[in-house]
Each structure stands twice: as structure tokens, then as C-alpha cells.
$ cat structure-v6.cif   # mmCIF, C-alpha atoms
data_entry
loop_
_atom_site.label_atom_id
_atom_site.label_comp_id
_atom_site.auth_asym_id
_atom_site.auth_seq_id
_atom_site.Cartn_x
_atom_site.Cartn_y
_atom_site.Cartn_z
CA GLY A 1 25.12 138.51 97.28
CA LYS A 2 27.92 139.66 99.54
CA LEU A 3 31.43 138.44 99.91
CA VAL A 4 32.30 136.21 102.85
CA GLY A 5 34.40 138.14 105.36
CA LYS A 6 38.10 137.80 104.65
CA GLY A 7 39.60 134.83 106.42
CA GLY A 8 36.16 133.32 106.96
CA LEU A 9 36.22 130.19 104.88
CA PHE A 10 37.69 128.12 107.61
CA THR A 11 36.02 124.76 107.46
CA LEU A 12 39.61 124.61 108.35
CA LEU A 13 42.42 122.21 108.17
CA CYS A 14 46.16 121.27 107.57
CA LEU A 15 48.46 118.74 106.06
CA VAL A 16 52.09 117.64 105.39
CA PRO A 17 53.54 115.28 102.78
CA ALA A 18 53.74 112.03 104.70
CA ALA A 19 52.42 108.53 104.82
CA CYS A 20 49.04 107.76 106.31
CA PRO A 21 49.08 109.20 109.83
CA GLU A 22 48.76 107.01 112.86
CA LEU A 23 45.33 107.94 114.11
CA ALA A 24 44.93 108.22 117.84
CA GLY A 25 42.43 105.79 119.27
CA ASN A 26 38.90 107.03 119.80
CA THR A 27 36.60 105.79 122.50
CA SER A 28 35.99 102.06 122.33
CA THR A 29 33.64 101.36 119.44
CA SER A 30 31.39 99.41 121.79
CA GLN A 31 30.55 102.72 123.48
CA LEU A 32 29.59 104.52 120.27
CA SER A 33 26.34 104.60 118.34
CA SER A 34 26.16 103.78 114.65
CA VAL A 35 25.81 107.50 113.91
CA ASP A 36 28.91 108.31 115.97
CA LEU A 37 30.86 105.63 114.13
CA SER A 38 29.72 107.02 110.79
CA TYR A 39 31.07 110.47 111.73
CA ILE A 40 34.44 108.92 112.57
CA THR A 41 34.36 107.05 109.26
CA GLN A 42 33.65 110.30 107.41
CA GLY A 43 36.58 112.01 109.10
CA GLU A 44 39.02 109.18 108.43
CA ALA A 45 37.91 108.90 104.79
CA ALA A 46 38.36 112.65 104.30
CA LEU A 47 41.85 112.44 105.78
CA GLN A 48 42.88 109.65 103.43
CA GLN A 49 41.46 111.54 100.45
CA ALA A 50 43.34 114.69 101.42
CA LEU A 51 46.62 112.78 101.88
CA SER A 52 46.22 111.20 98.47
CA ILE A 53 45.66 114.58 96.82
CA LEU A 54 48.61 116.10 98.67
CA ALA A 55 50.86 113.27 97.51
CA SER A 56 49.79 114.08 93.95
CA LEU A 57 50.60 117.75 94.44
CA ASP A 58 54.07 116.89 95.74
CA THR A 59 55.09 114.71 92.81
CA GLY A 60 56.00 117.79 90.78
CA VAL A 61 53.60 116.82 88.01
CA ASN A 62 51.06 119.28 89.39
CA ALA A 63 53.45 122.07 90.30
CA GLY A 64 51.52 125.07 91.54
CA SER A 65 51.61 128.71 90.51
CA LEU A 66 52.70 131.30 93.05
CA LEU A 67 49.87 133.72 93.82
CA SER A 68 51.24 135.94 96.57
CA GLN A 69 53.38 136.21 99.68
CA GLU A 70 51.81 137.98 102.68
CA ASN A 71 52.73 138.08 106.37
CA GLY A 72 55.43 135.47 105.80
CA ALA A 73 52.93 133.09 104.14
CA THR A 74 53.18 131.75 100.60
CA MET A 75 49.96 131.28 98.60
CA SER A 76 49.92 129.08 95.52
CA SER A 77 47.38 127.21 93.40
CA THR A 78 47.20 124.30 91.02
CA ALA A 79 44.44 122.74 88.91
CA LEU A 80 43.48 119.10 89.43
CA PRO A 81 41.09 117.05 87.27
CA GLY A 82 37.66 116.86 88.87
CA LEU A 83 38.49 119.43 91.54
CA GLY A 84 39.42 122.58 89.67
CA LYS A 85 41.78 124.93 91.47
CA VAL A 86 43.31 123.85 94.76
CA PHE A 87 44.77 126.65 96.89
CA ARG A 88 47.73 126.02 99.17
CA ALA A 89 48.94 128.30 101.97
CA GLU A 90 52.20 127.67 103.84
CA VAL A 91 53.76 129.57 106.71
CA VAL A 92 56.14 128.97 109.63
CA LEU A 93 54.66 130.29 112.87
CA PRO A 94 56.69 131.04 116.02
CA MET A 95 54.62 128.66 118.12
CA PRO A 96 55.07 124.98 119.12
CA VAL A 97 52.84 122.41 117.43
CA ALA A 98 50.97 121.68 120.67
CA ARG A 99 49.93 125.33 121.15
CA LEU A 100 48.85 125.84 117.55
CA HIS A 101 46.92 122.58 117.50
CA GLN A 102 45.13 123.54 120.72
CA GLU A 103 43.87 126.77 119.15
CA LEU A 104 42.65 125.04 115.99
CA PHE A 105 40.99 122.01 117.55
CA GLU A 106 40.56 122.08 121.33
CA ARG A 107 39.67 125.79 121.50
CA ILE A 108 37.82 126.06 118.20
CA GLU A 109 34.71 127.61 119.80
CA GLN A 110 36.83 130.62 120.81
CA MET A 111 37.89 131.34 117.24
CA PRO A 112 35.36 134.20 116.73
CA GLN A 113 37.20 136.11 119.49
CA TRP A 114 40.23 136.58 117.24
CA ASN A 115 38.99 135.91 113.71
CA PRO A 116 36.61 138.71 112.64
CA ALA A 117 35.44 136.70 109.62
CA ILE A 118 33.72 134.13 111.85
CA SER A 119 30.48 134.89 113.68
CA THR A 120 30.06 131.67 115.67
CA VAL A 121 31.59 128.21 116.01
CA LYS A 122 29.68 125.63 118.03
CA VAL A 123 30.79 122.11 118.84
CA LEU A 124 27.62 120.06 118.44
CA GLN A 125 29.18 116.76 119.42
CA ARG A 126 32.52 115.38 120.62
CA ILE A 127 33.15 111.78 119.62
CA GLY A 128 36.11 110.23 121.39
CA ARG A 129 39.29 112.30 121.45
CA ASP A 130 39.74 112.98 117.76
CA THR A 131 36.39 113.75 116.13
CA LEU A 132 34.10 116.77 116.42
CA VAL A 133 30.84 117.73 114.74
CA THR A 134 30.70 121.52 114.45
CA HIS A 135 28.50 124.31 113.14
CA GLU A 136 30.24 127.45 111.88
CA VAL A 137 28.71 130.71 110.64
CA THR A 138 30.69 133.36 108.79
CA ALA A 139 30.35 136.99 109.85
CA PRO A 140 28.35 139.45 107.75
CA SER A 141 30.51 141.77 105.70
CA PRO A 142 28.59 144.74 104.24
CA GLY A 143 29.64 145.87 100.81
CA ASN A 144 31.21 142.59 99.79
CA LEU A 145 30.15 140.20 97.05
CA VAL A 146 29.22 136.92 98.72
CA GLY A 147 26.63 136.52 101.46
CA GLN A 148 26.97 134.73 104.78
CA ARG A 149 27.66 131.00 104.68
CA ASP A 150 27.33 128.34 107.32
CA PHE A 151 29.01 124.94 107.54
CA VAL A 152 28.10 121.75 109.33
CA SER A 153 31.29 119.71 109.48
CA VAL A 154 32.96 116.62 110.81
CA ARG A 155 36.43 117.63 112.00
CA HIS A 156 38.92 114.84 112.50
CA ARG A 157 42.43 114.72 113.95
CA GLY A 158 45.33 112.40 113.18
CA ARG A 159 48.94 112.26 114.39
CA LYS A 160 52.26 111.06 113.07
CA GLU A 161 55.49 111.71 114.94
CA THR A 162 55.60 115.51 115.50
CA ALA A 163 52.83 116.36 113.02
CA ILE A 164 49.15 116.97 113.74
CA TYR A 165 46.72 116.46 110.85
CA LEU A 166 43.37 118.25 110.90
CA VAL A 167 40.73 117.66 108.27
CA GLY A 168 37.13 118.72 107.85
CA THR A 169 34.31 117.47 105.66
CA ALA A 170 30.74 118.66 105.30
CA THR A 171 27.99 116.54 106.83
CA HIS A 172 24.27 116.77 107.47
CA ILE A 173 22.34 116.82 110.73
CA GLU A 174 18.56 116.59 110.56
CA LYS A 175 18.03 118.56 113.78
CA LEU A 176 20.03 121.56 112.52
CA PRO A 177 17.88 123.41 109.96
CA LEU A 178 19.20 125.94 107.49
CA GLN A 179 20.05 129.28 109.11
CA LYS A 180 18.05 132.34 108.09
CA GLY A 181 20.08 134.60 105.81
CA CYS A 182 22.84 132.00 105.27
CA ILE A 183 23.69 129.68 102.41
CA ARG A 184 24.83 126.31 103.69
CA VAL A 185 27.99 125.13 101.97
CA CYS A 186 27.60 121.55 100.78
CA ALA A 187 24.16 121.32 102.40
CA GLY A 188 21.29 119.10 101.38
CA ARG A 189 19.65 115.83 102.20
CA ARG A 190 22.19 113.12 101.52
CA PRO A 191 23.21 109.84 103.13
CA LEU A 192 25.38 110.54 106.16
CA LEU A 193 28.48 109.00 104.61
CA GLU A 194 28.22 110.81 101.28
CA ALA A 195 30.87 113.51 101.15
CA CYS A 196 30.97 116.66 99.05
CA ARG A 197 32.47 116.33 95.61
CA GLU A 198 35.52 118.36 96.49
CA LEU A 199 38.82 118.31 98.33
CA PRO A 200 38.27 118.13 102.10
CA PRO A 201 39.76 121.33 103.55
CA CYS A 202 42.87 120.14 105.32
CA CYS A 203 45.75 121.50 107.38
CA ILE A 204 48.97 120.16 108.81
CA CYS A 205 50.82 121.43 111.83
CA SER A 206 54.33 119.96 111.77
CA GLY A 207 57.33 120.67 113.96
CA SER A 208 60.04 122.75 112.37
CA PRO A 209 63.15 120.57 111.88
CA TRP A 210 65.45 123.45 112.84
CA ASP A 211 63.47 124.95 115.73
CA PRO A 212 60.93 122.99 117.85
CA SER A 213 59.44 126.26 119.08
CA HIS A 214 58.13 126.91 115.53
CA THR A 215 55.47 125.13 113.50
CA ARG A 216 55.10 124.74 109.74
CA PHE A 217 51.42 125.27 108.94
CA THR A 218 50.08 124.06 105.58
CA TRP A 219 46.48 124.53 104.43
CA LEU A 220 44.89 123.10 101.29
CA LEU A 221 41.52 124.49 100.22
CA SER A 222 39.13 123.88 97.34
CA MET A 223 35.51 124.79 97.99
CA ASP A 224 32.18 125.26 96.26
CA LEU A 225 30.65 128.33 97.92
CA LYS A 226 27.21 127.66 96.39
CA GLY A 227 25.06 130.42 94.97
CA TRP A 228 25.61 132.41 91.79
CA ILE A 229 29.25 133.37 92.24
CA PRO A 230 31.58 133.73 89.23
CA THR A 231 34.60 131.44 89.26
CA SER A 232 36.87 134.46 88.96
CA VAL A 233 35.47 135.81 92.25
CA ILE A 234 35.90 132.47 94.05
CA ASN A 235 39.48 132.26 92.82
CA ARG A 236 40.18 135.62 94.50
CA VAL A 237 38.19 134.98 97.66
CA LEU A 238 39.66 131.63 98.69
CA PRO A 239 43.40 132.51 98.72
CA GLN A 240 42.69 135.92 100.26
CA SER A 241 40.67 134.20 102.98
CA GLN A 242 43.64 131.95 103.70
CA ALA A 243 46.03 134.91 103.85
CA ASP A 244 43.73 136.87 106.18
CA PHE A 245 43.15 133.90 108.45
CA ILE A 246 46.90 133.38 108.83
CA LYS A 247 47.32 137.09 109.62
CA HIS A 248 44.68 137.01 112.38
CA LEU A 249 46.00 133.73 113.75
CA GLY A 250 49.51 135.16 113.93
CA TRP A 251 48.30 138.25 115.80
CA HIS A 252 46.34 136.11 118.23
CA LEU A 253 49.25 133.80 118.98
CA SER A 254 51.63 136.70 119.48
CA THR A 255 49.39 138.63 121.89
CA THR A 256 48.06 135.87 124.14
CA ALA A 257 49.80 133.70 126.70
CA CYS A 258 49.64 129.93 126.49
CA PRO A 259 46.38 128.77 128.11
#

$ encode --input "structure-v6.cif" --output "C-alpha cells"
Amino acid sequence: GKLVGKGGLFTLLCLVPAACPELAGNTSTSQLSSVDLSYITQGEAALQQALSILASLDTGVNAGSLLSQENGATMSSTALPGLGKVFRAEVVLPMPVARLHQELFERIEQMPQWNPAISTVKVLQRIGRDTLVTHEVTAPSPGNLVGQRDFVSVRHRGRKETAIYLVGTATHIEKLPLQKGCIRVCAGRRPLLEACRELPPCCICSGSPWDPSHTRFTWLLSMDLKGWIPTSVINRVLPQSQADFIKHLGWHLSTTACP
């Protein structure tokens, strides 16, 4: 196979050590179908799982190992029972929380314009204010080791004080068949509420305590890329993808005006 383009493993999302976030209200449940409600349930469950894992990482019992420092970002990893390696990227970006969050959630379909590792991102469904169902395809990268992947995900948003929590979890949609030439990450026929056996990719955008014009961005990632890929390759690809994504995001934020 070929290697996913650097920065391309973005079934994205962020997180900060905090109590359960106060989730913003979605559309009245009376206006939603049972399928819509199940997507919201998936997103909320993934968020709680990610918060629980993050709390474990922050106890000090599972102290991580420093992997690298690139473009102002710190990459580290730790091993957790049942999950294997979890990769953590942290960086402070010179951008308010609201602007960064807009790029990563509200304007997610425009991501391929600035992230060369992503071919397409399509919002298949918007459910209330805080839940999306998306389809993402990584860009081809000739000469690399892992082929193209695609992701069908529920993306969910939560808030607490100045922090925005974004979490994604793989899901299944009958009407979206497998893409030719792509391996679907966490694909397969499964009940709608059954999640992948892995850490939901998660990110946190939190206001800097010393400068409100800056945002602390934290991204936890642990992913089964499917296919015959050696663990040693995956352990190189995932943190490098995080580092490259942060690099491209930083360039984009520094060269474009607020929308």
C-alpha cells in the first residue's frame, strides 16, 4: 500500500483536562428522528469516553514519552491497556478560540483548500447545532506506504467556559458505499451505536490564560488504519500526521483574514 498523506489522519478532534463539558442544546428532540438521536448519542458517548481517557493520562500514572517538537508543537505518546499507543499533540496558536473552532467545525468542508493531505470533506448531515455526520477522503500520496483511506464520522461539539471540545467517532451509513481505491477506517456493517474499539480522536481548543488572543490546541489520537500495516509504521505515521496538520493549520490561520 501507500502511506496516507502527511497530516491526513484528521478524523479530527481536541480536548482539555476538565470535568464533563456542558453540552450546548441541540434541536428539540421532538424534531429529530430516531437515527438523528442515535448520532447525537454516539457523539456524546465518544466525548465522555475521550474525557475519561484524558483524565487517566493526566493523573501522572500514564506519563507520556516525548517524541518530538516541531513548529512550536509538542508530540508525545503513552501506552494504555486495550488501546495501545495514544499520541498527544499540544500547541499554542496565535488565534482566538472562536476563530480556530470555526475552521475546525463550521468550515470543515473547506479544509482541503489548506490541508494537502485531505482530498475531500463532505458534511452529509447537520443535526442541531453541535453534531455533524461527515465523509472524509485522504489525498493520494505517490511513493508512500499506506493507501488512501476514507472515514465516515459523527463529529460532536461540547463547550465549557472558554473551551470548545470536538470529538469524532466512526459510524456507518448504508447509502454511502465503500469508495473505489480507498480503505474505510473502522468500516463494516455494525449496529449504528456500536463504536470502534479505540480512542475517539479528540481535540480541545481552550483559551490561553495569559492571552485571550491565543488558543491552546490539544489533540489525542489512536487509530487502527486497517490493512496490512506494521505497527512500527503506524507509530511513525500518526504523530507525523499530527505535526504536519498543525503546520498547515498554522500557515492557513496566519495567511487568511477572519471570515

$ resolve_selection --input "structure-v6.cif" --expression "the PyMOL selection byres ((chain A and resi 131) around 9)" --output "list of chain:residue names"
A:Asn26, A:Tyr39, A:Ile40, A:Gly43, A:Gln125, A:Arg126, A:Ile127, A:Gly128, A:Arg129, A:Asp130, A:Leu132, A:Val133, A:Val154, A:Arg155, A:His156, A:Arg157

$ resolve_selection --input "structure-v6.cif" --expression "the PyMOL selection byres ((chain A and resi 150) around 6)" --output "PyMOL selection string"
chain A and resi 136-137+149+151+184

$ closest_residue --input "structure-v6.cif" --among "A:Thr171, A:Val233, A:Cys205, A:Gly158" --to "Gln48 of chain A" --atoms "all atoms listed in the file"
A:Gly158

$ resolve_selection --input "structure-v6.cif" --expression "the PyMOL selection byres ((chain A and resi 162) around 10)" --output "VMD selection string"
chain A and resid 97 to 98 159 to 161 163 to 164 205 to 209 212 215

$ closest_residue --input "structure-v6.cif" --among "A:Gly168, A:Pro239, A:Pro81, A:Pro94" --to "Trp251 of chain A" --atoms "all atoms listed in the file"
A:Pro94

$ atom_distance --input "structure-v6.cif" --atom1 "atom CA of Leu253 of chain A" --atom2 "atom CA of Trp114 of chain A"
9.6 Å

$ atom_distance --input "structure-v6.cif" --atom1 "atom CA of Pro116 of chain A" --atom2 "atom CA of Ala50 of chain A"
27.4 Å

$ atom_distance --input "structure-v6.cif" --atom1 "atom CA of Gln240 of chain A" --atom2 "atom CA of Phe105 of chain A"
22.3 Å
